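Beneath this line is the structure, given in structure tokens, with notes to follow.
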Amino acid sequence: MGRAKASLKIGERTMVEIATDTLAEVCGGNVWVVGSYSGTTAQVIPDRKPAGAESASGPLVGIYTAMSHGTAEWTAVLACDLPFASSDLFFHLAALVSSDVDAVVPVQADTRFQPLAAIYRTTAIKTMAENALVRGMLSLKLVLGEARTRSVELAEMGALPNTDRILHNVNTPEDLGSARRWIATAPSSI
């Protein structure tokens with residue numbers, strides 16, 4: 001993208017505001033922003049890395065940080081560059097939580113997991129993320145392969161609003177333009 005995504009606007013709100021508002025509906029307002037962003041009213045938590053993984057970076061560090069800070073049994077995670085991942089999606093994922101899973105993760109149209117719009121068993125995923133980071137492994141995919149992961153296919157999300165774009169990731173200026181056009185034509189969707 002060439003600049004920080006969190007402060008980019010889609011409609012009237014920044015991407016970090018969209019993400020924190022979405023999770024606030026699901027988590028009762030108990031929402032944190034992981035990283036170094038300062039343009040939010042949510043509590044900001046700087047990245048935390050386990051001993052032996054001080055040079056690690058990337059999404060797995062963010063997941064580890066969130067799990068290290070969380071005290072609830074389950075933690076919802078949403079990257080700010082997924083502006084259409086709605087509270088409806090997270091309520092749907094939460095309904096699939098059970099004692100025999102560690103992660104409830106949607107699957108994108110391209111059949112890949114979208115681990116940055118998911119719900120995780122806090123203690124289990126923290127331990128797995130820590131072990132991976134200490135071993136120099138930065139892939140969330142590897143952690144999900146180790147975890148008892150409940151995948152949620154798009155067909156299972158069919159009744160949710162905006163299913164066609166619910167996992168649209170804003171990584172490029174073109175993606176941002178598409179998201180802005182969608183909002184301009186359907187302003188109530190965010």
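Here, A, B, ... name the chains of the structure tokens in the order displayed, residue numbers run from 1 inside each chain, and ligands are numbered from 1 in the same displayed order.
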message = Neighbouring residues of Asp102 in chain A were defined as those with any atom within 10 Å, considering only C-alpha atoms; residues of the same chain fewer than 6 positions away were excluded. Please report them as JSON, numbers by chain.
response = {"A": [74, 119, 120, 121, 122, 123, 124, 125, 144, 146, 147, 148, 149, 150]}
Could you write those residues out with C-alpha atoms, as a PDB file, in the first residue's frame?
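Written file, result_36.pdb:
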ATOM      1  CA  TRP A  74     -11.556 -16.841  23.692  1.00  0.00           C
ATOM      2  CA  ILE A 119     -11.716 -16.480  17.049  1.00  0.00           C
ATOM      3  CA  TYR A 120      -9.014 -18.231  19.100  1.00  0.00           C
ATOM      4  CA  ARG A 121      -8.806 -20.139  22.377  1.00  0.00           C
ATOM      5  CA  THR A 122      -6.503 -17.678  24.131  1.00  0.00           C
ATOM      6  CA  THR A 123      -4.171 -19.911  26.162  1.00  0.00           C
ATOM      7  CA  ALA A 124      -3.777 -22.665  23.565  1.00  0.00           C
ATOM      8  CA  ILE A 125      -3.013 -20.320  20.674  1.00  0.00           C
ATOM      9  CA  LEU A 144      -3.461 -23.433  12.504  1.00  0.00           C
ATOM     10  CA  GLU A 146      -1.107 -27.648  14.828  1.00  0.00           C
ATOM     11  CA  ALA A 147      -4.263 -26.260  16.453  1.00  0.00           C
ATOM     12  CA  ARG A 148      -7.643 -27.946  16.492  1.00  0.00           C
ATOM     13  CA  THR A 149      -9.034 -25.621  13.839  1.00  0.00           C
ATOM     14  CA  ARG A 150     -12.671 -25.405  12.804  1.00  0.00           C
TER      15      ARG A 150
END
query = Skipping near chain neighbours, those fewer than 5 positions away, what residues fall within 12 Å of Tyr37 in chain A using only C-alpha atoms, listed as an MDAnalysis selection string?
reply = chainID A and resid 4:7 14:17 32 42:47 80
Keeping only N, CA and C atoms, write the selected residues to a file as a compact mmCIF listing (two decimals), in the first residue's frame.
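Wrote it out as out.txt, contents follow:
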# COMPACT_ATOMS: atom_id res chain seq x y z
N ALA A 4 0.65 3.37 6.07
CA ALA A 4 -0.07 2.63 7.10
C ALA A 4 -1.54 2.51 6.72
N LYS A 5 -2.06 1.29 6.74
CA LYS A 5 -3.45 1.05 6.35
C LYS A 5 -4.44 1.54 7.41
N ALA A 6 -4.08 1.46 8.66
CA ALA A 6 -5.00 1.74 9.75
C ALA A 6 -5.66 3.11 9.64
N SER A 7 -4.92 4.10 9.15
CA SER A 7 -5.46 5.47 9.10
C SER A 7 -6.16 5.80 7.79
N THR A 14 -11.88 5.56 9.55
CA THR A 14 -10.62 4.91 9.22
C THR A 14 -10.78 3.40 9.31
N MET A 15 -9.86 2.69 8.71
CA MET A 15 -9.95 1.23 8.76
C MET A 15 -9.81 0.71 10.18
N VAL A 16 -9.00 1.36 11.02
CA VAL A 16 -8.90 0.89 12.40
C VAL A 16 -10.19 1.17 13.16
N GLU A 17 -10.87 2.26 12.86
CA GLU A 17 -12.16 2.53 13.51
C GLU A 17 -13.20 1.50 13.10
N TRP A 32 -8.79 -4.06 21.94
CA TRP A 32 -7.44 -3.49 21.93
C TRP A 32 -6.94 -3.44 20.50
N ALA A 42 -9.44 3.19 21.30
CA ALA A 42 -9.22 1.87 21.91
C ALA A 42 -7.83 1.83 22.56
N GLN A 43 -7.68 0.95 23.52
CA GLN A 43 -6.37 0.76 24.16
C GLN A 43 -5.40 0.18 23.14
N VAL A 44 -4.22 0.76 23.03
CA VAL A 44 -3.19 0.28 22.11
C VAL A 44 -2.15 -0.51 22.91
N ILE A 45 -1.84 -1.69 22.40
CA ILE A 45 -0.88 -2.58 23.05
C ILE A 45 0.30 -2.76 22.10
N PRO A 46 1.50 -2.39 22.53
CA PRO A 46 2.66 -2.58 21.64
C PRO A 46 2.95 -4.07 21.45
N ASP A 47 3.54 -4.40 20.29
CA ASP A 47 3.91 -5.79 20.02
C ASP A 47 4.73 -6.36 21.17
N CYS A 80 -7.17 -4.69 10.54
CA CYS A 80 -7.85 -3.47 10.08
C CYS A 80 -8.03 -3.45 8.57
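Excluding Asp21 in chain A itself and any same-chain residue fewer than 4 positions from it, the protein and nucleic acid residues within 12 Å of it, counting only C-alpha atoms, are Arg13, Thr14, Met15, Val16, Glu17, Glu25, Val26, Cys27, Gly28, Gly29, Asn30, Val31, Trp32, Val33, Thr40, Thr41, Ala42, Leu78, Cys80, Pro83, Phe84, Ala85, Ser86, Ser87 and Ile190 of chain A.
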ask   = For Gly52 in chain A, which residue among A:Arg135, A:Lys9, A:His92, A:His168 is the nearest when counting only C-alpha atoms?
value = A:Arg135
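As for CA of Ala109 in chain A and CA of Thr22 in chain A, they are spaced 21.7 Å apart.
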request  = Do a neighbour search on Leu142 in chain A at 10 Å with only C-alpha atoms, toss out local chain neighbours closer than 3 positions, and write the hits as number ranges by chain.
outcome  = A: 128-129, 132, 137-139, 145-147
inquiry  = Which residues are near Pro161 in chain A? Cut-off 10 Å, only C-alpha atoms, ignore same chain within fewer than 3 positions. Put them as a list in words.
reply    = Phe84, Ala85, Ser86, Asp88, Leu89, Met157, Gly158, Asp164, Arg165, Ile166 and Ser189 of chain A
ask   = Could you pull out the strand (DSSP E or B) residues of range 8-177 of chain A from DSSP and send them as an MDAnalysis selection string?
value = chainID A and resid 9:10 13:14 32:34 43:45 74:78 103:107 113 117:121 149:152
Could you write those residues out with N, CA and C atoms, as a compact mmCIF listing (two decimals), in the first residue's frame?
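Dumped everything to selection15.txt:
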# COMPACT_ATOMS: atom_id res chain seq x y z
N LYS A 9 -9.08 5.99 5.12
CA LYS A 9 -10.53 6.07 5.30
C LYS A 9 -11.27 5.31 4.21
N ILE A 10 -12.32 4.64 4.67
CA ILE A 10 -13.30 4.03 3.78
C ILE A 10 -14.63 4.59 4.25
N ARG A 13 -15.01 6.62 8.05
CA ARG A 13 -14.18 6.12 9.16
C ARG A 13 -12.87 5.53 8.66
N THR A 14 -11.88 5.56 9.55
CA THR A 14 -10.62 4.91 9.22
C THR A 14 -10.78 3.40 9.31
N TRP A 32 -8.79 -4.06 21.94
CA TRP A 32 -7.44 -3.49 21.93
C TRP A 32 -6.94 -3.44 20.50
N VAL A 33 -6.06 -2.48 20.25
CA VAL A 33 -5.37 -2.39 18.98
C VAL A 33 -3.92 -2.80 19.25
N VAL A 34 -3.45 -3.80 18.51
CA VAL A 34 -2.08 -4.27 18.68
C VAL A 34 -1.20 -3.54 17.69
N GLN A 43 -7.68 0.95 23.52
CA GLN A 43 -6.37 0.76 24.16
C GLN A 43 -5.40 0.18 23.14
N VAL A 44 -4.22 0.76 23.03
CA VAL A 44 -3.19 0.28 22.11
C VAL A 44 -2.15 -0.51 22.91
N ILE A 45 -1.84 -1.69 22.40
CA ILE A 45 -0.88 -2.58 23.05
C ILE A 45 0.30 -2.76 22.10
N TRP A 74 -11.62 -17.00 25.14
CA TRP A 74 -11.56 -16.84 23.69
C TRP A 74 -11.24 -15.40 23.34
N THR A 75 -10.47 -15.20 22.26
CA THR A 75 -10.10 -13.88 21.78
C THR A 75 -10.46 -13.77 20.31
N ALA A 76 -11.18 -12.71 19.95
CA ALA A 76 -11.50 -12.43 18.55
C ALA A 76 -10.40 -11.54 17.99
N VAL A 77 -9.98 -11.84 16.77
CA VAL A 77 -8.92 -11.09 16.11
C VAL A 77 -9.45 -10.58 14.77
N LEU A 78 -9.21 -9.30 14.50
CA LEU A 78 -9.61 -8.72 13.22
C LEU A 78 -8.56 -7.72 12.77
N ALA A 103 -9.46 -22.93 17.44
CA ALA A 103 -9.58 -21.80 16.52
C ALA A 103 -10.80 -22.01 15.63
N VAL A 104 -11.52 -20.92 15.38
CA VAL A 104 -12.62 -20.93 14.43
C VAL A 104 -12.25 -19.88 13.38
N VAL A 105 -11.96 -20.36 12.16
CA VAL A 105 -11.34 -19.52 11.14
C VAL A 105 -12.10 -19.62 9.82
N PRO A 106 -12.51 -18.47 9.25
CA PRO A 106 -13.18 -18.52 7.95
C PRO A 106 -12.20 -18.85 6.82
N VAL A 107 -12.76 -19.42 5.77
CA VAL A 107 -11.98 -19.77 4.58
C VAL A 107 -12.43 -18.86 3.45
N PHE A 113 -7.21 -20.06 4.47
CA PHE A 113 -7.70 -19.53 5.73
C PHE A 113 -7.55 -18.01 5.76
N ALA A 117 -9.31 -12.76 10.78
CA ALA A 117 -10.73 -12.49 11.07
C ALA A 117 -11.25 -13.78 11.69
N ALA A 118 -10.80 -14.07 12.89
CA ALA A 118 -11.05 -15.38 13.50
C ALA A 118 -11.21 -15.27 15.01
N ILE A 119 -11.58 -16.39 15.60
CA ILE A 119 -11.72 -16.48 17.05
C ILE A 119 -10.80 -17.60 17.53
N TYR A 120 -10.03 -17.31 18.60
CA TYR A 120 -9.01 -18.23 19.10
C TYR A 120 -9.17 -18.52 20.58
N ARG A 121 -8.90 -19.78 20.96
CA ARG A 121 -8.81 -20.14 22.38
C ARG A 121 -7.50 -19.51 22.88
N THR A 149 -8.44 -26.74 14.56
CA THR A 149 -9.03 -25.62 13.84
C THR A 149 -10.35 -26.03 13.19
N ARG A 150 -11.36 -25.24 13.46
CA ARG A 150 -12.67 -25.41 12.80
C ARG A 150 -12.71 -24.42 11.65
N SER A 151 -12.61 -24.93 10.42
CA SER A 151 -12.68 -24.05 9.26
C SER A 151 -14.14 -23.75 8.95
N VAL A 152 -14.40 -22.54 8.49
CA VAL A 152 -15.75 -22.11 8.16
C VAL A 152 -15.75 -21.69 6.69
Residue set, range 6-190 of chain A restricted to alpha helix (DSSP H), as an mmCIF file with N, CA and C atoms, in the first residue's frame:
data_model
loop_
_atom_site.group_PDB
_atom_site.id
_atom_site.type_symbol
_atom_site.label_atom_id
_atom_site.label_comp_id
_atom_site.auth_asym_id
_atom_site.auth_seq_id
_atom_site.Cartn_x
_atom_site.Cartn_y
_atom_site.Cartn_z
ATOM 1 N N MET A 15 -9.864 2.687 8.714
ATOM 2 C CA MET A 15 -9.946 1.226 8.757
ATOM 3 C C MET A 15 -9.808 0.706 10.184
ATOM 4 N N VAL A 16 -9.004 1.357 11.019
ATOM 5 C CA VAL A 16 -8.897 0.888 12.399
ATOM 6 C C VAL A 16 -10.190 1.170 13.162
ATOM 7 N N GLU A 17 -10.869 2.258 12.864
ATOM 8 C CA GLU A 17 -12.159 2.533 13.506
ATOM 9 C C GLU A 17 -13.204 1.499 13.102
ATOM 10 N N ILE A 18 -13.211 1.120 11.844
ATOM 11 C CA ILE A 18 -14.147 0.097 11.377
ATOM 12 C C ILE A 18 -13.903 -1.204 12.131
ATOM 13 N N ALA A 19 -12.629 -1.611 12.232
ATOM 14 C CA ALA A 19 -12.297 -2.871 12.914
ATOM 15 C C ALA A 19 -12.647 -2.816 14.393
ATOM 16 N N THR A 20 -12.300 -1.730 15.075
ATOM 17 C CA THR A 20 -12.577 -1.659 16.514
ATOM 18 C C THR A 20 -14.083 -1.572 16.776
ATOM 19 N N ASP A 21 -14.818 -0.862 15.938
ATOM 20 C CA ASP A 21 -16.275 -0.801 16.091
ATOM 21 C C ASP A 21 -16.902 -2.179 15.882
ATOM 22 N N THR A 22 -16.418 -2.907 14.893
ATOM 23 C CA THR A 22 -16.934 -4.253 14.619
ATOM 24 C C THR A 22 -16.730 -5.155 15.818
ATOM 25 N N LEU A 23 -15.513 -5.172 16.342
ATOM 26 C CA LEU A 23 -15.235 -6.057 17.485
ATOM 27 C C LEU A 23 -15.911 -5.574 18.761
ATOM 28 N N ALA A 24 -16.108 -4.269 18.912
ATOM 29 C CA ALA A 24 -16.784 -3.755 20.109
ATOM 30 C C ALA A 24 -18.207 -4.303 20.202
ATOM 31 N N GLU A 25 -18.863 -4.470 19.057
ATOM 32 C CA GLU A 25 -20.209 -5.041 19.051
ATOM 33 C C GLU A 25 -20.209 -6.479 19.553
ATOM 34 N N VAL A 26 -19.137 -7.191 19.278
ATOM 35 C CA VAL A 26 -19.039 -8.610 19.629
ATOM 36 C C VAL A 26 -18.470 -8.802 21.032
ATOM 37 N N CYS A 27 -17.520 -7.976 21.395
ATOM 38 C CA CYS A 27 -16.768 -8.157 22.642
ATOM 39 C C CYS A 27 -17.218 -7.211 23.754
ATOM 40 N N PRO A 59 2.174 -10.933 11.316
ATOM 41 C CA PRO A 59 0.883 -11.209 11.947
ATOM 42 C C PRO A 59 0.944 -12.159 13.144
ATOM 43 N N LEU A 60 1.845 -13.133 13.120
ATOM 44 C CA LEU A 60 1.913 -14.066 14.244
ATOM 45 C C LEU A 60 2.342 -13.343 15.519
ATOM 46 N N VAL A 61 3.179 -12.339 15.400
ATOM 47 C CA VAL A 61 3.557 -11.534 16.569
ATOM 48 C C VAL A 61 2.315 -10.801 17.099
ATOM 49 N N GLY A 62 1.492 -10.279 16.207
ATOM 50 C CA GLY A 62 0.261 -9.618 16.618
ATOM 51 C C GLY A 62 -0.684 -10.574 17.332
ATOM 52 N N ILE A 63 -0.812 -11.777 16.806
ATOM 53 C CA ILE A 63 -1.660 -12.804 17.446
ATOM 54 C C ILE A 63 -1.096 -13.138 18.826
ATOM 55 N N TYR A 64 0.201 -13.354 18.911
ATOM 56 C CA TYR A 64 0.832 -13.667 20.195
ATOM 57 C C TYR A 64 0.604 -12.527 21.195
ATOM 58 N N THR A 65 0.750 -11.298 20.743
ATOM 59 C CA THR A 65 0.541 -10.134 21.610
ATOM 60 C C THR A 65 -0.895 -10.111 22.142
ATOM 61 N N ALA A 66 -1.858 -10.293 21.250
ATOM 62 C CA ALA A 66 -3.268 -10.287 21.665
ATOM 63 C C ALA A 66 -3.536 -11.404 22.668
ATOM 64 N N MET A 67 -3.010 -12.592 22.405
ATOM 65 C CA MET A 67 -3.236 -13.725 23.307
ATOM 66 C C MET A 67 -2.524 -13.508 24.649
ATOM 67 N N SER A 68 -1.393 -12.831 24.632
ATOM 68 C CA SER A 68 -0.654 -12.552 25.875
ATOM 69 C C SER A 68 -1.392 -11.543 26.744
ATOM 70 N N HIS A 69 -2.127 -10.656 26.110
ATOM 71 C CA HIS A 69 -2.843 -9.611 26.837
ATOM 72 C C HIS A 69 -4.223 -10.087 27.302
ATOM 73 N N SER A 87 -19.637 -7.690 12.356
ATOM 74 C CA SER A 87 -19.977 -8.311 13.638
ATOM 75 C C SER A 87 -20.820 -9.557 13.397
ATOM 76 N N ASP A 88 -21.637 -9.574 12.349
ATOM 77 C CA ASP A 88 -22.416 -10.774 12.004
ATOM 78 C C ASP A 88 -21.489 -11.963 11.766
ATOM 79 N N LEU A 89 -20.374 -11.726 11.077
ATOM 80 C CA LEU A 89 -19.395 -12.793 10.858
ATOM 81 C C LEU A 89 -18.885 -13.316 12.190
ATOM 82 N N PHE A 90 -18.511 -12.416 13.092
ATOM 83 C CA PHE A 90 -17.948 -12.857 14.371
ATOM 84 C C PHE A 90 -18.985 -13.549 15.257
ATOM 85 N N PHE A 91 -20.230 -13.111 15.218
ATOM 86 C CA PHE A 91 -21.274 -13.826 15.953
ATOM 87 C C PHE A 91 -21.454 -15.227 15.376
ATOM 88 N N HIS A 92 -21.356 -15.343 14.058
ATOM 89 C CA HIS A 92 -21.453 -16.651 13.399
ATOM 90 C C HIS A 92 -20.282 -17.548 13.831
ATOM 91 N N LEU A 93 -19.073 -17.001 13.818
ATOM 92 C CA LEU A 93 -17.903 -17.785 14.245
ATOM 93 C C LEU A 93 -18.043 -18.195 15.706
ATOM 94 N N ALA A 94 -18.497 -17.282 16.547
ATOM 95 C CA ALA A 94 -18.643 -17.577 17.980
ATOM 96 C C ALA A 94 -19.651 -18.694 18.218
ATOM 97 N N ALA A 95 -20.660 -18.790 17.380
ATOM 98 C CA ALA A 95 -21.656 -19.851 17.525
ATOM 99 C C ALA A 95 -21.056 -21.226 17.238
ATOM 100 N N THR A 122 -7.609 -18.560 23.762
ATOM 101 C CA THR A 122 -6.503 -17.678 24.131
ATOM 102 C C THR A 122 -5.255 -18.427 24.580
ATOM 103 N N THR A 123 -5.358 -19.258 25.591
ATOM 104 C CA THR A 123 -4.171 -19.911 26.162
ATOM 105 C C THR A 123 -3.526 -20.877 25.176
ATOM 106 N N ALA A 124 -4.329 -21.673 24.501
ATOM 107 C CA ALA A 124 -3.777 -22.665 23.565
ATOM 108 C C ALA A 124 -3.035 -21.991 22.419
ATOM 109 N N ILE A 125 -3.641 -20.978 21.824
ATOM 110 C CA ILE A 125 -3.013 -20.320 20.674
ATOM 111 C C ILE A 125 -1.798 -19.507 21.104
ATOM 112 N N LYS A 126 -1.858 -18.913 22.291
ATOM 113 C CA LYS A 126 -0.678 -18.190 22.792
ATOM 114 C C LYS A 126 0.511 -19.144 22.883
ATOM 115 N N THR A 127 0.302 -20.314 23.447
ATOM 116 C CA THR A 127 1.379 -21.296 23.591
ATOM 117 C C THR A 127 1.906 -21.739 22.234
ATOM 118 N N MET A 128 1.003 -22.032 21.307
ATOM 119 C CA MET A 128 1.426 -22.462 19.967
ATOM 120 C C MET A 128 2.159 -21.354 19.225
ATOM 121 N N ALA A 129 1.660 -20.123 19.336
ATOM 122 C CA ALA A 129 2.317 -18.988 18.680
ATOM 123 C C ALA A 129 3.698 -18.753 19.272
ATOM 124 N N GLU A 130 3.794 -18.825 20.597
ATOM 125 C CA GLU A 130 5.087 -18.639 21.250
ATOM 126 C C GLU A 130 6.083 -19.688 20.784
ATOM 127 N N ASN A 131 5.673 -20.943 20.772
ATOM 128 C CA ASN A 131 6.571 -22.021 20.329
ATOM 129 C C ASN A 131 7.020 -21.809 18.891
ATOM 130 N N ALA A 132 6.101 -21.410 18.027
ATOM 131 C CA ALA A 132 6.458 -21.162 16.628
ATOM 132 C C ALA A 132 7.441 -20.003 16.508
ATOM 133 N N LEU A 133 7.178 -18.906 17.197
ATOM 134 C CA LEU A 133 8.054 -17.738 17.114
ATOM 135 C C LEU A 133 9.455 -18.045 17.627
ATOM 136 N N VAL A 134 9.547 -18.771 18.717
ATOM 137 C CA VAL A 134 10.861 -19.122 19.277
ATOM 138 C C VAL A 134 11.632 -20.012 18.303
ATOM 139 N N LEU A 140 1.230 -18.188 10.423
ATOM 140 C CA LEU A 140 -0.016 -18.520 11.105
ATOM 141 C C LEU A 140 -0.573 -19.833 10.581
ATOM 142 N N LYS A 141 -0.315 -20.120 9.315
ATOM 143 C CA LYS A 141 -0.796 -21.369 8.712
ATOM 144 C C LYS A 141 -0.241 -22.575 9.466
ATOM 145 N N LEU A 142 1.013 -22.508 9.876
ATOM 146 C CA LEU A 142 1.607 -23.615 10.629
ATOM 147 C C LEU A 142 0.944 -23.768 11.995
ATOM 148 N N VAL A 143 0.654 -22.657 12.646
ATOM 149 C CA VAL A 143 -0.024 -22.703 13.946
ATOM 150 C C VAL A 143 -1.415 -23.303 13.777
ATOM 151 N N LEU A 144 -2.128 -22.889 12.735
ATOM 152 C CA LEU A 144 -3.461 -23.433 12.504
ATOM 153 C C LEU A 144 -3.405 -24.920 12.174
ATOM 154 N N GLY A 145 -2.321 -25.367 11.561
ATOM 155 C CA GLY A 145 -2.146 -26.794 11.281
ATOM 156 C C GLY A 145 -1.932 -27.600 12.551
ATOM 157 N N GLU A 146 -1.344 -26.989 13.536
ATOM 158 C CA GLU A 146 -1.107 -27.648 14.828
ATOM 159 C C GLU A 146 -2.348 -27.571 15.721
ATOM 160 N N PRO A 173 -3.687 -0.098 -3.570
ATOM 161 C CA PRO A 173 -4.550 1.050 -3.874
ATOM 162 C C PRO A 173 -5.805 0.627 -4.653
ATOM 163 N N GLU A 174 -5.684 -0.394 -5.504
ATOM 164 C CA GLU A 174 -6.840 -0.882 -6.256
ATOM 165 C C GLU A 174 -7.873 -1.495 -5.311
ATOM 166 N N ASP A 175 -7.415 -2.283 -4.320
ATOM 167 C CA ASP A 175 -8.322 -2.870 -3.321
ATOM 168 C C ASP A 175 -9.034 -1.769 -2.538
ATOM 169 N N LEU A 176 -8.290 -0.733 -2.177
ATOM 170 C CA LEU A 176 -8.870 0.388 -1.439
ATOM 171 C C LEU A 176 -9.929 1.082 -2.291
ATOM 172 N N GLY A 177 -9.637 1.282 -3.577
ATOM 173 C CA GLY A 177 -10.605 1.897 -4.483
ATOM 174 C C GLY A 177 -11.879 1.066 -4.583
ATOM 175 N N SER A 178 -11.741 -0.250 -4.680
ATOM 176 C CA SER A 178 -12.919 -1.131 -4.730
ATOM 177 C C SER A 178 -13.740 -0.999 -3.463
ATOM 178 N N ALA A 179 -13.083 -1.010 -2.323
ATOM 179 C CA ALA A 179 -13.789 -0.890 -1.043
ATOM 180 C C ALA A 179 -14.521 0.450 -0.958
ATOM 181 N N ARG A 180 -13.870 1.502 -1.385
ATOM 182 C CA ARG A 180 -14.511 2.828 -1.345
ATOM 183 C C ARG A 180 -15.711 2.894 -2.291
ATOM 184 N N ARG A 181 -15.606 2.277 -3.471
ATOM 185 C CA ARG A 181 -16.737 2.257 -4.403
ATOM 186 C C ARG A 181 -17.904 1.470 -3.815
ATOM 187 N N TRP A 182 -17.618 0.351 -3.172
ATOM 188 C CA TRP A 182 -18.686 -0.452 -2.554
ATOM 189 C C TRP A 182 -19.403 0.357 -1.482
ATOM 190 N N ILE A 183 -18.640 1.072 -0.678
ATOM 191 C CA ILE A 183 -19.239 1.876 0.379
ATOM 192 C C ILE A 183 -20.058 3.011 -0.203
ATOM 193 N N ALA A 184 -19.569 3.621 -1.275
ATOM 194 C CA ALA A 184 -20.292 4.742 -1.896
ATOM 195 C C ALA A 184 -21.639 4.283 -2.451
ATOM 196 N N THR A 185 -21.720 3.034 -2.897
ATOM 197 C CA THR A 185 -22.983 2.546 -3.477
ATOM 198 C C THR A 185 -23.888 1.897 -2.440
#
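In this model, the gap between CA of Asn171 in chain A and CA of Val97 in chain A comes to 29.2 Å.
The two atoms in question, CA of Arg3 in chain A and CA of Glu54 in chain A, are spaced 24.2 Å apart.
With only C-alpha atoms as the basis for measurement, A:Asp81 is the residue among A:Ala53, A:Gly58, A:Ala155, A:Asp81 that approaches Leu8 in chain A most closely.
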